[in-house]
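Undergrad: Can you keep this structure in mind? I'll have questions shortly.
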Amino acid sequence: MDQDFYLLDSTLETSYQHLILDSFKGCYRITAVDRSLNESDFSNTSCIDNCPQFNLPNAFSPNGDGFNDTFTPLYNTGRSDLGFENSNCPRFILAVSFKVFDRTGKEVFDLQFEKEPSIFIHWDGKNNAGSPLAAGVYFYVSEVTFDVLPGGQQKKTYKGWIQLLK
């Protein structure tokens, strides 16, 4: 719909790159104006979606040595040329739920009980009561809500095993 579009920018150049973005998500169309200020019809609409990433590790060691002490999505704090963190980072995410179960199926951790739940999870290997869990293998279920265009896959469920090392 025409009312869903707004003027993003204009240029006298024959090419244009929109660099100031928090998100790729959106639909675009262009027009051209000649020297006499005659404007063309709009081009076909082109829609581009965000490319969300959410990768979880399969082991961590909450032993206080400063390495892999929390279970958190894999990410790198380096920046790309476009201003986004690199492709291996949890980006374009609106919400995360995360639960951990022991081998018997008993829930031992739920992100909602954290004081400050975060999409980065930062689980320290303790149960909901704050007690450290024993080293071993645990099962997790995480539901992630992505910031994508309507009609895209907005929610995705991740399931897997975590090896908690000491």
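Chains: A, B, ... in order of the structure tokens. Residues: from 1 per chain. Ligands: from 1, in order shown.
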Just the strand (DSSP E or B) stuff from chain A, please, per backbone DSSP, written as number ranges by chain.

TA: A: 26-28, 33, 39, 46-48, 53, 59-60, 71, 79, 85, 91, 93-101, 107-110, 123, 126, 132, 136-146, 155-164

Undergrad: Give me the residues within 12 Å of Gly64 of chain A as a PDB file with N, CA and C atoms, in the first residue's frame, counting only C-alpha atoms and dropping any in the same chain fewer than 3 places off.

TA:
ATOM      1  N   PHE A  60      29.779 -26.377  28.168  1.00  0.00           N
ATOM      2  CA  PHE A  60      30.371 -25.230  28.853  1.00  0.00           C
ATOM      3  C   PHE A  60      30.883 -25.696  30.204  1.00  0.00           C
ATOM      4  N   SER A  61      31.716 -24.885  30.820  1.00  0.00           N
ATOM      5  CA  SER A  61      32.349 -25.293  32.077  1.00  0.00           C
ATOM      6  C   SER A  61      32.295 -24.158  33.097  1.00  0.00           C
ATOM      7  N   PHE A  67      36.833 -18.980  31.182  1.00  0.00           N
ATOM      8  CA  PHE A  67      36.616 -19.510  29.838  1.00  0.00           C
ATOM      9  C   PHE A  67      35.346 -20.356  29.827  1.00  0.00           C
ATOM     10  N   ASN A  68      34.400 -20.006  28.990  1.00  0.00           N
ATOM     11  CA  ASN A  68      33.148 -20.772  28.839  1.00  0.00           C
ATOM     12  C   ASN A  68      32.446 -20.999  30.170  1.00  0.00           C
ATOM     13  N   ASP A  69      32.427 -19.975  31.029  1.00  0.00           N
ATOM     14  CA  ASP A  69      31.800 -20.111  32.343  1.00  0.00           C
ATOM     15  C   ASP A  69      30.278 -20.012  32.294  1.00  0.00           C
ATOM     16  N   THR A  70      29.725 -19.485  31.195  1.00  0.00           N
ATOM     17  CA  THR A  70      28.268 -19.422  31.063  1.00  0.00           C
ATOM     18  C   THR A  70      27.843 -20.029  29.737  1.00  0.00           C
ATOM     19  N   ASP A 124      24.583 -19.972  34.192  1.00  0.00           N
ATOM     20  CA  ASP A 124      25.821 -20.255  34.908  1.00  0.00           C
ATOM     21  C   ASP A 124      25.913 -21.679  35.470  1.00  0.00           C
ATOM     22  N   GLY A 125      25.026 -22.564  35.036  1.00  0.00           N
ATOM     23  CA  GLY A 125      25.079 -23.950  35.482  1.00  0.00           C
ATOM     24  C   GLY A 125      24.409 -24.197  36.820  1.00  0.00           C
ATOM     25  N   LEU A 165      30.472 -29.258  32.126  1.00  0.00           N
ATOM     26  CA  LEU A 165      31.777 -29.749  32.579  1.00  0.00           C
ATOM     27  C   LEU A 165      32.198 -28.980  33.822  1.00  0.00           C
ATOM     28  N   LYS A 166      33.041 -29.525  34.597  1.00  0.00           N
ATOM     29  CA  LYS A 166      33.581 -28.821  35.779  1.00  0.00           C
ATOM     30  C   LYS A 166      35.054 -28.627  35.646  1.00  0.00           C
TER      31      LYS A 166
END

Undergrad: Let me make sure I understand: among A:Ser131, A:Gln163, A:Gln53, A:Phe120, which one has the smallest atom-to-atom distance to Arg103 of chain A if we use only C-alpha atoms?

TA: A:Gln163

Undergrad: Report as a PyMOL selection string all protein, DNA and RNA residues lying within 12 Å of Gln153 of chain A, evaluated on only C-alpha atoms, omitting residues in the same chain fewer than 2 positions from it.

TA: chain A and resi 49-52+93+144-151+155-157

Undergrad: Any chance you can output those residues with C-alpha atoms as a compact mmCIF listing (two decimals), in the first residue's frame?

TA:
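Result written to result30.txt:
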# COMPACT_ATOMS: atom_id res chain seq x y z
CA ASP A 49 14.14 -10.01 5.27
CA ASN A 50 16.53 -10.12 8.19
CA CYS A 51 18.84 -13.09 8.37
CA PRO A 52 18.52 -14.12 12.01
CA ILE A 93 15.88 -11.62 17.98
CA VAL A 144 13.27 -17.96 19.84
CA THR A 145 11.14 -15.16 18.37
CA PHE A 146 12.85 -13.48 15.40
CA ASP A 147 12.31 -9.99 14.00
CA VAL A 148 11.32 -10.87 10.43
CA LEU A 149 8.77 -9.69 7.87
CA PRO A 150 5.16 -10.79 8.35
CA GLY A 151 4.73 -14.24 6.87
CA LYS A 155 9.33 -18.48 16.02
CA LYS A 156 11.73 -21.38 16.00
CA THR A 157 12.29 -24.09 18.60
